[in-house]
Structure formats: C-alpha cells, structure tokens
$ cat coords-v3.tsv   # TSV, C-alpha atoms
chain	number	residue	atom	x	y	z
A	1	MET	CA	40.38	-3.89	-26.40
A	2	ARG	CA	38.84	-0.67	-25.18
A	3	LYS	CA	37.26	1.94	-27.40
A	4	CYS	CA	37.38	5.13	-25.37
A	5	THR	CA	35.56	8.35	-26.10
A	6	PHE	CA	35.59	9.26	-22.45
A	7	ALA	CA	35.81	13.07	-22.55
A	8	ALA	CA	33.27	13.36	-25.36
A	9	LEU	CA	30.87	11.09	-23.51
A	10	LEU	CA	31.10	13.13	-20.34
A	11	ALA	CA	30.33	16.28	-22.28
A	12	THR	CA	27.39	14.59	-24.02
A	13	ALA	CA	25.97	13.33	-20.73
A	14	GLY	CA	26.45	16.71	-19.07
A	15	LEU	CA	28.53	15.15	-16.33
A	16	THR	CA	31.96	16.73	-16.70
A	17	GLY	CA	31.41	19.26	-13.93
A	18	LEU	CA	29.72	16.79	-11.64
A	19	LEU	CA	32.35	14.09	-11.93
A	20	SER	CA	35.27	16.48	-11.72
A	21	CYS	CA	34.19	17.38	-8.20
A	22	SER	CA	33.28	13.82	-7.21
A	23	LYS	CA	35.17	12.68	-4.15
A	24	GLU	CA	34.78	9.01	-5.14
A	25	GLY	CA	35.57	9.38	-8.81
A	26	ASN	CA	38.69	11.53	-8.52
A	27	ALA	CA	40.34	10.81	-5.21
A	28	PRO	CA	44.06	11.57	-5.06
A	29	LEU	CA	46.22	8.62	-6.07
A	30	ASP	CA	47.22	6.58	-3.06
A	31	ASN	CA	49.37	3.47	-3.31
A	32	SER	CA	48.77	2.48	0.32
A	33	GLU	CA	46.59	-0.55	1.07
A	34	SER	CA	43.78	1.63	2.45
A	35	GLY	CA	44.05	3.95	-0.53
A	36	GLN	CA	43.69	1.05	-2.96
A	37	VAL	CA	40.59	-0.21	-1.16
A	38	GLU	CA	39.01	3.24	-1.02
A	39	LYS	CA	39.60	3.75	-4.73
A	40	ILE	CA	38.05	0.43	-5.78
A	41	VAL	CA	35.20	0.06	-3.28
A	42	THR	CA	33.09	2.89	-4.67
A	43	MET	CA	30.20	2.83	-7.09
A	44	ASP	CA	32.31	3.96	-10.03
A	45	GLY	CA	35.23	1.76	-8.89
A	46	VAL	CA	33.10	-1.39	-8.81
A	47	ALA	CA	31.60	-0.56	-12.22
A	48	ARG	CA	35.13	-0.28	-13.62
A	49	LEU	CA	36.14	-3.54	-11.91
A	50	LEU	CA	33.16	-5.42	-13.38
A	51	SER	CA	33.96	-4.07	-16.84
A	52	GLU	CA	37.44	-5.63	-16.60
A	53	LEU	CA	36.06	-9.16	-16.12
A	54	PRO	CA	35.46	-11.76	-18.86
A	55	ILE	CA	31.72	-11.82	-18.19
A	56	GLY	CA	29.80	-14.42	-20.18
A	57	GLY	CA	26.57	-16.38	-20.16
A	58	ALA	CA	27.13	-18.06	-16.79
A	59	GLN	CA	27.66	-14.76	-15.00
A	60	MET	CA	24.69	-13.16	-16.77
A	61	GLU	CA	22.49	-16.04	-15.61
A	62	GLU	CA	23.86	-15.67	-12.08
A	63	VAL	CA	22.92	-12.00	-11.85
A	64	PHE	CA	19.63	-12.53	-13.68
A	65	GLY	CA	18.61	-15.24	-11.21
A	66	ALA	CA	19.63	-13.18	-8.18
A	67	VAL	CA	17.79	-10.00	-9.20
A	68	GLY	CA	14.74	-12.07	-10.14
A	69	ALA	CA	14.72	-13.70	-6.70
A	70	SER	CA	15.06	-10.32	-4.96
A	71	SER	CA	12.22	-8.90	-7.05
A	72	GLY	CA	10.02	-11.91	-6.31
A	73	ASN	CA	10.53	-11.32	-2.59
A	74	GLY	CA	9.34	-7.71	-2.87
A	75	TYR	CA	12.74	-6.03	-3.05
A	76	ASP	CA	14.24	-4.18	-6.00
A	77	GLU	CA	15.94	-5.97	-8.92
A	78	GLU	CA	19.15	-6.15	-6.91
A	79	TYR	CA	22.13	-8.41	-6.28
A	80	THR	CA	24.12	-7.26	-3.27
A	81	LEU	CA	27.89	-7.64	-3.19
A	82	ARG	CA	27.45	-9.30	0.17
A	83	ASP	CA	25.43	-12.08	-1.45
A	84	LEU	CA	27.71	-12.12	-4.49
A	85	PHE	CA	30.63	-13.10	-2.25
A	86	GLU	CA	28.88	-15.05	0.53
A	87	ALA	CA	26.22	-16.88	-1.49
A	88	PRO	CA	26.71	-16.47	-5.27
A	89	GLY	CA	23.45	-16.32	-7.22
A	90	CYS	CA	21.27	-15.51	-4.20
A	91	GLY	CA	18.77	-12.69	-4.03
A	92	VAL	CA	17.68	-10.63	-1.05
A	93	GLY	CA	15.07	-12.25	1.20
A	94	GLN	CA	15.72	-15.87	0.26
A	95	THR	CA	15.49	-18.62	2.85
A	96	GLU	CA	18.55	-20.64	3.81
A	97	GLU	CA	17.30	-23.54	1.70
A	98	GLU	CA	16.81	-21.25	-1.30
A	99	ARG	CA	20.23	-19.69	-0.80
A	100	THR	CA	21.90	-23.10	-0.73
A	101	ARG	CA	20.09	-24.18	-3.89
A	102	ALA	CA	20.90	-20.94	-5.74
A	103	SER	CA	24.59	-21.08	-4.75
A	104	ARG	CA	24.89	-24.66	-5.99
A	105	ALA	CA	23.28	-23.69	-9.30
A	106	ALA	CA	25.65	-20.73	-9.73
A	107	SER	CA	28.63	-23.03	-9.08
A	108	ARG	CA	27.40	-25.60	-11.60
A	109	GLU	CA	27.04	-22.99	-14.34
A	110	GLY	CA	30.75	-22.19	-14.27
A	111	ALA	CA	32.91	-19.55	-12.65
A	112	SER	CA	30.84	-17.24	-10.51
A	113	LEU	CA	31.36	-13.48	-10.45
A	114	ARG	CA	33.03	-14.01	-7.09
A	115	ASP	CA	35.59	-16.27	-8.77
A	116	LEU	CA	36.16	-13.84	-11.65
A	117	ILE	CA	36.71	-10.93	-9.27
A	118	SER	CA	39.07	-12.94	-7.08
A	119	ASP	CA	41.08	-14.19	-10.06
A	120	TYR	CA	41.33	-10.69	-11.50
A	121	LEU	CA	42.46	-9.05	-8.25
A	122	TYR	CA	45.09	-11.72	-7.62
A	123	SER	CA	46.38	-11.36	-11.19
A	124	LYS	CA	46.64	-7.58	-10.71
A	125	ALA	CA	48.51	-8.17	-7.45
A	126	GLY	CA	50.96	-10.35	-9.40
A	127	GLU	CA	51.44	-7.57	-11.94
A	128	SER	CA	52.04	-5.08	-9.14
A	129	ARG	CA	54.72	-7.27	-7.59
A	130	ALA	CA	56.33	-7.55	-11.01
A	131	GLY	CA	56.35	-3.76	-11.32
A	132	GLN	CA	53.53	-3.53	-13.88
A	133	GLY	CA	50.14	-1.78	-13.72
A	134	LEU	CA	51.20	0.81	-11.20
A	135	ALA	CA	48.56	3.25	-10.00
A	136	GLY	CA	48.67	6.47	-11.94
A	137	SER	CA	49.85	4.84	-15.19
A	138	ARG	CA	47.69	4.83	-18.30
A	139	ASP	CA	46.36	1.95	-20.37
A	140	GLY	CA	46.46	1.89	-24.17
A	141	SER	CA	43.35	4.08	-24.46
A	142	GLY	CA	44.79	6.86	-22.36
A	143	GLN	CA	42.48	6.04	-19.45
A	144	GLU	CA	43.98	5.67	-16.00
A	145	ALA	CA	44.97	2.05	-15.42
A	146	PHE	CA	43.22	-0.01	-12.79
A	147	PRO	CA	44.68	0.72	-9.32
A	148	GLN	CA	47.68	-1.23	-8.11
A	149	ILE	CA	46.68	-4.19	-5.92
A	150	ASP	CA	48.89	-5.27	-3.00
A	151	ASP	CA	46.36	-7.14	-0.85
A	152	PRO	CA	43.52	-8.79	-2.84
A	153	GLU	CA	41.94	-10.19	0.32
A	154	ALA	CA	41.59	-6.70	1.80
A	155	VAL	CA	39.77	-5.54	-1.33
A	156	ILE	CA	37.54	-8.62	-1.39
A	157	GLY	CA	36.71	-8.19	2.30
A	158	ALA	CA	35.83	-4.54	1.78
A	159	LEU	CA	33.65	-5.35	-1.25
A	160	SER	CA	31.73	-8.13	0.53
A	161	SER	CA	31.07	-6.00	3.63
A	162	SER	CA	30.02	-2.91	1.68
A	163	ASP	CA	26.46	-1.79	0.96
A	164	LEU	CA	27.08	-1.79	-2.79
A	165	GLN	CA	25.02	-3.88	-5.21
A	166	ILE	CA	24.24	-4.56	-8.86
A	167	TYR	CA	20.85	-3.15	-9.83
A	168	TRP	CA	19.39	-4.43	-13.11
A	169	PRO	CA	16.31	-2.41	-14.11
A	170	TYR	CA	13.91	-3.98	-16.62
A	171	SER	CA	15.78	-7.27	-16.23
A	172	GLU	CA	12.70	-9.21	-17.36
A	173	GLU	CA	13.32	-7.88	-20.90
A	174	TRP	CA	16.73	-9.58	-21.21
A	175	ASP	CA	17.02	-11.75	-24.33
A	176	GLY	CA	19.21	-14.32	-22.60
A	177	GLU	CA	22.29	-13.51	-24.67
A	178	THR	CA	23.24	-9.82	-24.78
A	179	LEU	CA	26.04	-8.74	-22.45
A	180	PRO	CA	25.43	-5.74	-20.19
A	181	ILE	CA	26.33	-2.11	-20.16
A	182	ILE	CA	27.84	-1.51	-16.72
A	183	THR	CA	27.38	1.91	-15.12
A	184	PHE	CA	26.87	3.47	-11.68
A	185	ASP	CA	24.59	5.93	-9.91
A	186	PRO	CA	26.16	9.38	-10.40
A	187	GLY	CA	23.89	10.88	-7.72
A	188	MET	CA	22.34	14.34	-7.48
A	189	GLY	CA	19.33	13.27	-9.55
A	190	VAL	CA	21.34	13.01	-12.79
A	191	GLU	CA	19.47	10.97	-15.42
A	192	SER	CA	22.37	9.92	-17.70
A	193	ASN	CA	25.90	8.68	-17.18
A	194	TYR	CA	28.70	6.93	-19.02
A	195	GLY	CA	28.74	3.14	-19.00
A	196	TYR	CA	30.93	0.26	-20.16
A	197	LEU	CA	29.40	-1.69	-23.06
A	198	LEU	CA	30.75	-5.26	-23.12
A	199	LYS	CA	31.00	-7.02	-26.48
A	200	VAL	CA	32.41	-10.29	-27.80
A	201	SER	CA	33.01	-10.60	-31.55
A	202	GLU	CA	32.42	-13.77	-33.57
A	203	ASP	CA	36.13	-14.60	-33.34
A	204	GLY	CA	36.00	-14.28	-29.55
A	205	GLN	CA	37.67	-10.89	-29.22
A	206	ARG	CA	36.37	-8.93	-26.25
A	207	THR	CA	35.94	-5.16	-26.35
A	208	VAL	CA	34.74	-2.59	-23.86
A	209	GLU	CA	33.31	0.64	-25.21
A	210	GLU	CA	32.23	3.67	-23.19
A	211	VAL	CA	28.71	4.78	-24.09
A	212	VAL	CA	26.09	7.16	-22.71
A	213	VAL	CA	23.38	5.42	-20.67
A	214	ASP	CA	19.94	6.71	-19.71
A	215	GLU	CA	16.67	5.03	-18.80
A	216	SER	CA	15.59	4.64	-22.42
A	217	VAL	CA	18.73	2.55	-23.01
A	218	ALA	CA	18.00	0.45	-19.91
A	219	ARG	CA	14.52	-0.37	-21.24
A	220	THR	CA	15.92	-1.96	-24.40
A	221	SER	CA	19.39	-3.24	-23.39
A	222	PRO	CA	20.66	-5.01	-20.26
A	223	VAL	CA	22.16	-2.39	-17.94
A	224	TRP	CA	23.83	-3.15	-14.62
A	225	VAL	CA	23.87	-0.14	-12.30
A	226	VAL	CA	26.21	-0.20	-9.32
A	227	ASN	CA	24.39	1.63	-6.53
A	228	ARG	CA	23.85	1.32	-2.80
A	229	ASN	CA	21.42	-1.00	-1.05
A	230	ASP	CA	18.82	0.78	1.08
A	231	ASP	CA	16.17	-1.88	1.66
A	232	ARG	CA	17.96	-5.10	2.63
A	233	ASP	CA	17.15	-4.71	6.35
A	234	PHE	CA	13.43	-4.02	5.80
A	235	THR	CA	10.60	-6.50	5.31
A	236	PRO	CA	8.60	-5.83	2.13
A	237	VAL	CA	4.90	-6.48	1.94
A	238	GLU	CA	5.36	-9.73	-0.04
A	239	ILE	CA	7.27	-11.37	2.82
A	240	PHE	CA	5.00	-9.67	5.37
A	241	ILE	CA	1.99	-11.31	3.68
A	242	ARG	CA	3.52	-14.79	3.87
A	243	ALA	CA	4.17	-14.43	7.59
A	244	ASN	CA	0.83	-12.78	8.47
A	245	ARG	CA	-1.86	-14.47	6.42
A	246	PRO	CA	-5.33	-13.85	7.92
A	247	ALA	CA	-7.05	-16.80	9.53
A	248	ALA	CA	-9.49	-18.60	7.26
A	249	GLY	CA	-13.25	-18.25	7.74
A	250	PRO	CA	-15.61	-15.27	8.02
A	251	MET	CA	-15.73	-13.03	11.09
A	252	HIS	CA	-18.89	-11.44	12.49
A	253	ALA	CA	-19.08	-7.71	11.73
A	254	SER	CA	-19.31	-6.81	15.41
A	255	LYS	CA	-15.99	-8.50	16.17
A	256	ALA	CA	-12.46	-7.25	15.53
A	257	ARG	CA	-11.54	-7.32	11.86
A	258	ASN	CA	-8.42	-6.96	9.78
A	259	LEU	CA	-7.81	-3.79	7.79
A	260	MET	CA	-6.33	-5.02	4.54
A	261	ILE	CA	-4.41	-3.30	1.75
A	262	LYS	CA	-5.86	-4.71	-1.47
A	263	SER	CA	-3.90	-2.73	-4.07
A	264	PHE	CA	-1.34	0.04	-4.49
A	265	LYS	CA	-0.72	2.31	-7.49
A	266	MET	CA	2.19	4.75	-7.82
A	267	LEU	CA	1.39	7.66	-10.15
A	268	ARG	CA	4.98	8.87	-10.59
A	269	ASN	CA	8.53	7.76	-9.88
A	270	TYR	CA	10.16	9.54	-6.95
A	271	ASP	CA	13.87	9.08	-7.65
A	272	SER	CA	16.38	9.01	-10.49
A	273	TRP	CA	16.29	5.67	-12.31
A	274	PHE	CA	19.89	5.02	-11.25
A	275	ALA	CA	18.71	4.83	-7.63
A	276	GLY	CA	16.20	2.08	-8.39
A	277	ALA	CA	12.61	1.52	-7.39
A	278	SER	CA	10.52	3.72	-5.11
A	279	GLU	CA	10.29	2.35	-1.58
A	280	PHE	CA	7.12	3.38	0.24
A	281	PHE	CA	6.54	2.97	3.95
A	282	ILE	CA	2.92	2.88	5.07
A	283	LYS	CA	2.47	3.55	8.77
A	284	CYS	CA	-0.82	3.30	10.61
A	285	GLY	CA	-1.20	4.23	14.28
A	286	SER	CA	-4.07	3.25	16.58
A	287	ILE	CA	-5.01	0.70	19.28
A	288	LYS	CA	-5.53	-2.90	18.26
A	289	GLY	CA	-8.61	-4.74	19.51
A	290	PHE	CA	-9.88	-1.77	21.49
A	291	SER	CA	-12.91	-2.63	23.64
A	292	ALA	CA	-12.72	-0.34	26.67
A	293	ARG	CA	-16.04	0.76	28.19
A	294	THR	CA	-14.68	3.36	30.65
A	295	GLU	CA	-11.94	5.98	30.78
A	296	ALA	CA	-10.18	3.89	33.41
A	297	GLU	CA	-10.06	0.92	31.05
A	298	LEU	CA	-8.69	3.19	28.31
A	299	LYS	CA	-5.52	3.66	30.37
A	300	GLN	CA	-4.82	-0.07	30.12
A	301	TYR	CA	-4.31	0.13	26.35
A	302	SER	CA	-1.10	1.12	24.57
A	303	PRO	CA	-1.03	2.52	21.04
A	304	SER	CA	0.66	0.61	18.24
A	305	VAL	CA	2.11	1.55	14.87
A	306	THR	CA	2.09	-0.76	11.85
A	307	ASP	CA	5.05	-0.20	9.52
A	308	MET	CA	4.89	-1.79	6.06
A	309	MET	CA	7.23	-1.40	3.07
A	310	ILE	CA	5.99	-1.56	-0.52
A	311	VAL	CA	8.59	-1.47	-3.30
A	312	VAL	CA	7.24	-0.27	-6.64
A	313	ARG	CA	9.55	-1.04	-9.55
A	314	ARG	CA	9.87	1.53	-12.28
A	315	ARG	CA	8.08	-0.66	-14.81
A	316	ASP	CA	5.00	-0.62	-12.54
A	317	VAL	CA	4.46	3.16	-12.43
A	318	GLY	CA	0.79	3.85	-13.18
A	319	LYS	CA	-0.17	0.18	-12.68
A	320	GLU	CA	-2.49	-1.12	-9.98
A	321	VAL	CA	-0.51	-3.78	-8.12
A	322	PRO	CA	-2.72	-6.20	-6.13
A	323	TYR	CA	-1.91	-7.14	-2.55
A	324	ASP	CA	-3.67	-8.91	0.28
A	325	ALA	CA	-1.76	-7.61	3.27
A	326	ILE	CA	-2.91	-6.92	6.82
A	327	LEU	CA	-2.24	-3.27	7.60
A	328	PHE	CA	-3.98	-3.30	10.96
A	329	SER	CA	-5.53	-6.16	12.95
A	330	GLY	CA	-8.09	-5.76	15.68
A	331	PHE	CA	-10.19	-3.12	13.92
A	332	THR	CA	-13.33	-2.57	16.07
A	333	ASN	CA	-16.33	-0.27	15.86
A	334	GLN	CA	-14.92	1.77	18.75
A	335	LEU	CA	-12.09	3.07	16.60
A	336	ASP	CA	-12.82	6.61	15.50
A	337	LYS	CA	-9.74	7.92	13.63
A	338	LEU	CA	-6.43	6.35	12.69
A	339	ALA	CA	-3.15	8.20	12.17
A	340	PHE	CA	-1.88	7.48	8.67
A	341	LEU	CA	1.51	8.26	7.12
A	342	VAL	CA	2.94	7.35	3.71
A	343	THR	CA	6.59	8.16	2.97
A	344	GLU	CA	9.01	7.39	0.15
A	345	ASP	CA	12.33	6.42	1.67
A	346	ASP	CA	15.32	8.72	1.16
A	347	GLY	CA	17.20	8.08	4.41
A	348	GLY	CA	18.60	10.64	6.79
A	349	THR	CA	18.37	11.10	10.55
A	350	ARG	CA	15.54	9.34	12.34
A	351	THR	CA	12.77	11.66	13.47
A	352	SER	CA	9.05	11.24	14.21
A	353	TRP	CA	5.61	12.65	13.49
A	354	LYS	CA	3.80	13.50	16.72
A	355	CYS	CA	0.16	12.84	16.00
A	356	GLU	CA	-3.08	11.56	17.47
A	357	ALA	CA	-5.52	8.72	16.90
A	358	THR	CA	-8.95	8.60	18.53
A	359	VAL	CA	-11.30	5.99	19.97
A	360	LYS	CA	-14.91	6.17	21.16
A	361	ILE	CA	-16.26	5.24	24.59
A	362	ASN	CA	-20.01	5.69	24.98
A	363	SER	CA	-20.09	7.93	21.88
A	364	LYS	CA	-17.40	10.23	23.30
A	365	SER	CA	-14.04	10.49	21.49
A	366	TYR	CA	-10.70	10.27	23.29
A	367	GLY	CA	-7.34	11.16	21.77
A	368	ILE	CA	-4.31	8.87	21.87
A	369	ASN	CA	-0.86	10.40	21.41
A	370	LEU	CA	1.46	8.69	18.94
A	371	ASP	CA	5.03	9.13	17.68
A	372	ILE	CA	5.33	7.65	14.18
A	373	PRO	CA	8.98	7.39	13.07
A	374	PHE	CA	10.37	8.31	9.65
A	375	ASN	CA	13.62	9.67	8.18
A	376	GLU	CA	14.18	13.41	7.82
A	377	LYS	CA	15.06	13.14	4.10
A	378	ASP	CA	12.01	11.02	3.26
A	379	ASP	CA	9.43	12.37	0.85
A	380	ILE	CA	6.20	12.83	2.81
A	381	VAL	CA	3.69	11.42	0.35
A	382	TRP	CA	0.70	11.92	2.72
A	383	ARG	CA	0.01	12.23	6.43
A	384	GLY	CA	-3.08	12.92	8.49
A	385	GLN	CA	-6.02	11.22	10.19
A	386	LEU	CA	-8.36	8.78	8.48
A	387	ALA	CA	-11.87	8.30	9.89
A	388	ALA	CA	-12.85	4.71	10.64
A	389	SER	CA	-16.06	5.37	8.71
A	390	PHE	CA	-13.97	5.77	5.53
A	391	PHE	CA	-13.00	2.11	5.67
A	392	GLN	CA	-16.54	1.03	6.54
A	393	SER	CA	-18.30	2.92	3.73
A	394	GLU	CA	-17.89	0.12	1.12
A	395	ASP	CA	-16.56	-3.41	0.85
A	396	THR	CA	-13.45	-2.02	-0.88
A	397	VAL	CA	-12.55	1.67	-0.67
A	398	THR	CA	-9.86	3.54	-2.59
A	399	GLY	CA	-8.20	6.80	-1.60
A	400	ARG	CA	-5.63	9.03	-3.21
A	401	PHE	CA	-2.75	9.91	-0.91
A	402	GLY	CA	-0.48	12.37	-2.68
A	403	ASP	CA	0.76	10.57	-5.77
A	404	VAL	CA	-0.34	7.08	-4.77
A	405	LEU	CA	-3.71	5.32	-4.81
A	406	ILE	CA	-4.40	2.71	-2.11
A	407	SER	CA	-7.39	0.37	-1.88
A	408	PHE	CA	-8.52	-1.05	1.49
A	409	ALA	CA	-10.98	-3.63	2.74
A	410	LEU	CA	-12.17	-4.81	6.16
A	411	GLU	CA	-12.11	-8.59	6.49
$ encode --input "coords-v3.tsv" --output "structure tokens"
Amino acid sequence: MRKCTFAALLATAGLTGLLSCSKEGNAPLDNSESGQVEKIVTMDGVARLLSELPIGGAQMEEVFGAVGASSGNGYDEEYTLRDLFEAPGCGVGQTEEERTRASRAASREGASLRDLISDYLYSKAGESRAGQGLAGSRDGSGQEAFPQIDDPEAVIGALSSSDLQIYWPYSEEWDGETLPIITFDPGMGVESNYGYLLKVSEDGQRTVEEVVVDESVARTSPVWVVNRNDDRDFTPVEIFIRANRPAAGPMHASKARNLMIKSFKMLRNYDSWFAGASEFFIKCGSIKGFSARTEAELKQYSPSVTDMMIVVRRRDVGKEVPYDAILFSGFTNQLDKLAFLVTEDDGGTRTSWKCEATVKINSKSYGINLDIPFNEKDDIVWRGQLAASFFQSEDTVTGRFGDVLISFALE
C-alpha cells in the first residue's frame, strides 16, 4: 500500500519547479526498449525501483556491510550498483578475497538486492506481456505506474554498468532494525527532497509513504540516497598508506626523509549532503631525492607530483582525523619551496595549474616548472608555494589551507 502526498511534499520541499524541468524525472513516455532503460536507470528511477522491493533485514545488512567496507577503505559510505550486481555485499576497495567472502555472506543471509531487483523486473515483464502495468497508466495512489518492462536483462545490464550507487550517510547510527527512507540526489545544491519511507506493520503489511527528507532526518533515521559514484577509480589515503608504509628505523637528519601527513581537519562541508562526503585531493610538486651540486646535474632531474585523495565524511566535519601517510619521499635539505595544491573534487574538464618549485645549489635557488592537474569545476581550497623551512620548523607543524587544517612531520 502506498500513502501518497506527492504534490504537497514537493511544495513543502520547494522542489516543484526544479523537478518539473528535470530531464531525468519527467522524460516523455517511451515504450521502446531504450526508452524503458533510460526511464529506470536514473537516480530518481532507481530510488523508485528500490522502493518497490520487499526489502527486509537481509537486504539492510547487505547494504550496511557494503557501505561500512567502503568507508573503512577510505571511500564514502557507498554501495555501487556495479558491486550490487557483480559482487553482492561488497564495498569499494575490497580485495578479491574480501569480495568473495562478502558475497558468500550476502548469499547466506537470504535473497540479495540483486535477486530482488531481478525478480521484480521479470515479474513486471510478465505483467507487460499480459497487458497490465503499461507505461503511462496510474497506480491506486494516482502516481504514474512503474514503466513497462519488455527486456529485464537490458535493464539489469544498464543498471550494473552505470555509475549509480546507494549512499547511506550516518550509517553507523542504524539500530539494526529500521527500514530505510529511499531518496535521490536532486542536484543543484538542493538540501531537501521527497523520499520513500518503507514500513512493515505487525501483521506483515508493507506500506510505502512519501516523506520529506533532509540531513536532519538522515542523522536520526536510515536514509539511502541514490547518487552517482565519483571516487571509485581513485585511491584514498587509507589504501595509499597500506601500500606505502615507511621503512622502519630512524633516518639521519642529513639524509632524505619522508614528508608525512599526520592529520587532516575539514572546517566546513563543501557539497550538498545528497552528494556525499567531501573528496579532497592534495597535490605536492617538487623533485624527490634531489642532491645535485651543479646546474648541469640539475638537468638530470625530473619533477614529480604526488596526488593523494582524502575523503572526509560529513560526520567528521570539524574533527581532526589522524593519518600517517607519505605525501612526499626524498625530502632533502636542498629543497627550497614545494608547489602545493588542495582541491575539493567537483569534476569537469581536466586542466592544470602551471607553477614552480625551487631547489638550492650552493645557496642559489633554481626554479622548476610544473603542471599540476585538476578539474575545472573543482573548488580550489588552497594553492601556492610552501617553503621547506616551514616543515623543518618543528617536529609536527600545522597549517591552515583555506577551510582545512593539515599537520605535517618529517620522518
């Protein structure tokens, strides 16, 4: 049973105008196979699809485990549709062994979300062949019925190859029982949207009720947000640390050292909560292990750029998060200034910051040209040169770079 207050909710959330001009939310009805896929494989389409499923404890545990694994690997609290179909229960960044173990656990718990989606789409295809549930018809609440399905496999293939995902903010607060409110990222920085509240009564009757969702709701109730994955192909600092642990034992101060990031604090969130955590890229440009004694030797060195991603979840705003990550290896006393860039990822066309780092030979400084890449839509949190003496002034030094605080140490 659905309790629908759809128009009133849109007015309350201030979304009527936005959604009425949404290409994804109000595409013309199209009964062709491609039209069916395009209508379902959208953020709002997947949210509606999930709300149609008989989600229970097993599926909640599946998503909870996946978003927890992603978060533990330094990504957002996310469960990609690719993993949902290819390896149920797996989070982003898991090893093959971990993926196998998680998939087996999801299968043991009962029907996975993959199975529920497949069963639902095939049942809708059966209704379509029987002449029921045609696109453009209305269900009992007056809401447009779920699109007609002719080829379930085409829809499943499009879902599994998409960049869509389930994002569960504040998932650590889940009580282990409550079913989710399912919503989607409305875009354009909007902070509230309608969502589907799933309920099961004591006698087993399932209902779906449309409610208004904002971040305050997500802090106290489980909310699944269908949004797009932006970080799957990047390596967060947690995984970077595991692969690049510094060698044990002290190093003499005159030798090359490692420049370490010891902590990171975000002072404000950069995006709407629907879009998920803030993804910072820290880029440092210089020459590793520089030891040239002449200008001729300088020409033998090539500059390098370290590129590190730190994901700060919304619950961690204002908190100092400890790390022990190598930002730059081969730090020598001949380094004079490093090029330093911090961005918050927002995508867009690839561009670059043309900048300069400097080194010293016999007390004379020489500039080194660098191109540090970033995306044109990124928020530039901070960029400029940092003197090597800044890192050498204390055992641990902290600097404010725009709206983030970063602590460093030479080890």
$ atom_distance --input "coords-v3.tsv" --atom1 "atom CA of Asn258 of chain A" --atom2 "atom CA of Phe281 of chain A"
18.9 Å
$ residues_around --input "coords-v3.tsv" --residues "Ser171 of chain A" --least-positions-apart "5" --cutoff "9 Å" --atoms "only C-alpha atoms" --output "MDAnalysis selection string"
chainID A and resid 64 67:68 77 218:219 221:223
$ write_last_selection --input "coords-v3.tsv" --atoms "C-alpha atoms" --output "compact mmCIF listing (two decimals), in the frame of the given file"
# COMPACT_ATOMS: atom_id res chain seq x y z
CA PHE A 64 19.63 -12.53 -13.68
CA VAL A 67 17.79 -10.00 -9.20
CA GLY A 68 14.74 -12.07 -10.14
CA GLU A 77 15.94 -5.97 -8.92
CA ALA A 218 18.00 0.45 -19.91
CA ARG A 219 14.52 -0.37 -21.24
CA SER A 221 19.39 -3.24 -23.39
CA PRO A 222 20.66 -5.01 -20.26
CA VAL A 223 22.16 -2.39 -17.94
$ closest_residue --input "coords-v3.tsv" --among "A:Ser263, A:Ser291, A:Ser162, A:Gln334" --to "Glu320 of chain A" --atoms "only C-alpha atoms"
A:Ser263
$ residues_near_point --input "coords-v3.tsv" --point "(-11.4, -3.8, 3.2)" --cutoff "7 Å" --atoms "all atoms listed in the file" --output "ChimeraX atom specification"
/A:259-260,391,395-397,408-411
$ atom_distance --input "coords-v3.tsv" --atom1 "atom CA of Val225 of chain A" --atom2 "atom CA of Ile241 of chain A"
29.3 Å
$ closest_residue --input "coords-v3.tsv" --among "A:Val359, A:Leu159, A:Leu50, A:Ala125" --to "Ala387 of chain A" --atoms "all atoms listed in the file"
A:Val359
$ atom_distance --input "coords-v3.tsv" --atom1 "atom CA of Ser304 of chain A" --atom2 "atom CA of Ala256 of chain A"
15.5 Å
$ residues_near_point --input "coords-v3.tsv" --point "(50.6, -2.8, -6.2)" --cutoff "6 Å" --atoms "only C-alpha atoms" --output "list in words"
Ala125, Ser128, Gln148, Ile149 and Asp150 of chain A
$ closest_residue --input "coords-v3.tsv" --among "A:Asp336, A:Asp307, A:Glu97, A:Asp324" --to "Thr358 of chain A" --atoms "only C-alpha atoms"
A:Asp336
$ closest_residue --input "coords-v3.tsv" --among "A:Arg228, A:Lys299, A:Arg350, A:Arg129" --to "Thr42 of chain A" --atoms "all atoms listed in the file"
A:Arg228
$ closest_residue --input "coords-v3.tsv" --among "A:Thr80, A:Ser407, A:Gln205, A:Gln165" --to "Pro322 of chain A" --atoms "only C-alpha atoms"
A:Ser407
$ closest_residue --input "coords-v3.tsv" --among "A:Thr351, A:Ser272, A:Thr343, A:Ser278" --to "Ile380 of chain A" --atoms "only C-alpha atoms"
A:Thr343
$ residues_around --input "coords-v3.tsv" --residues "Phe85 of chain A" --least-positions-apart "2" --cutoff "9 Å" --atoms "only C-alpha atoms" --output "list in words"
Thr80, Leu81, Arg82, Asp83, Ala87, Pro88, Leu113, Arg114, Asp115, Ile156, Leu159 and Ser160 of chain A
$ write_last_selection --input "coords-v3.tsv" --atoms "C-alpha atoms" --output "PDB file, in the frame of the given file"
ATOM      1  CA  THR A  80      24.120  -7.260  -3.270  1.00  0.00           C
ATOM      2  CA  LEU A  81      27.890  -7.640  -3.190  1.00  0.00           C
ATOM      3  CA  ARG A  82      27.450  -9.300   0.170  1.00  0.00           C
ATOM      4  CA  ASP A  83      25.430 -12.080  -1.450  1.00  0.00           C
ATOM      5  CA  ALA A  87      26.220 -16.880  -1.490  1.00  0.00           C
ATOM      6  CA  PRO A  88      26.710 -16.470  -5.270  1.00  0.00           C
ATOM      7  CA  LEU A 113      31.360 -13.480 -10.450  1.00  0.00           C
ATOM      8  CA  ARG A 114      33.030 -14.010  -7.090  1.00  0.00           C
ATOM      9  CA  ASP A 115      35.590 -16.270  -8.770  1.00  0.00           C
ATOM     10  CA  ILE A 156      37.540  -8.620  -1.390  1.00  0.00           C
ATOM     11  CA  LEU A 159      33.650  -5.350  -1.250  1.00  0.00           C
ATOM     12  CA  SER A 160      31.730  -8.130   0.530  1.00  0.00           C
TER      13      SER A 160
END
$ residues_around --input "coords-v3.tsv" --residues "Pro54 of chain A" --least-positions-apart "2" --cutoff "9 Å" --atoms "only C-alpha atoms" --output "ChimeraX atom specification"
/A:50-52,56,116,206
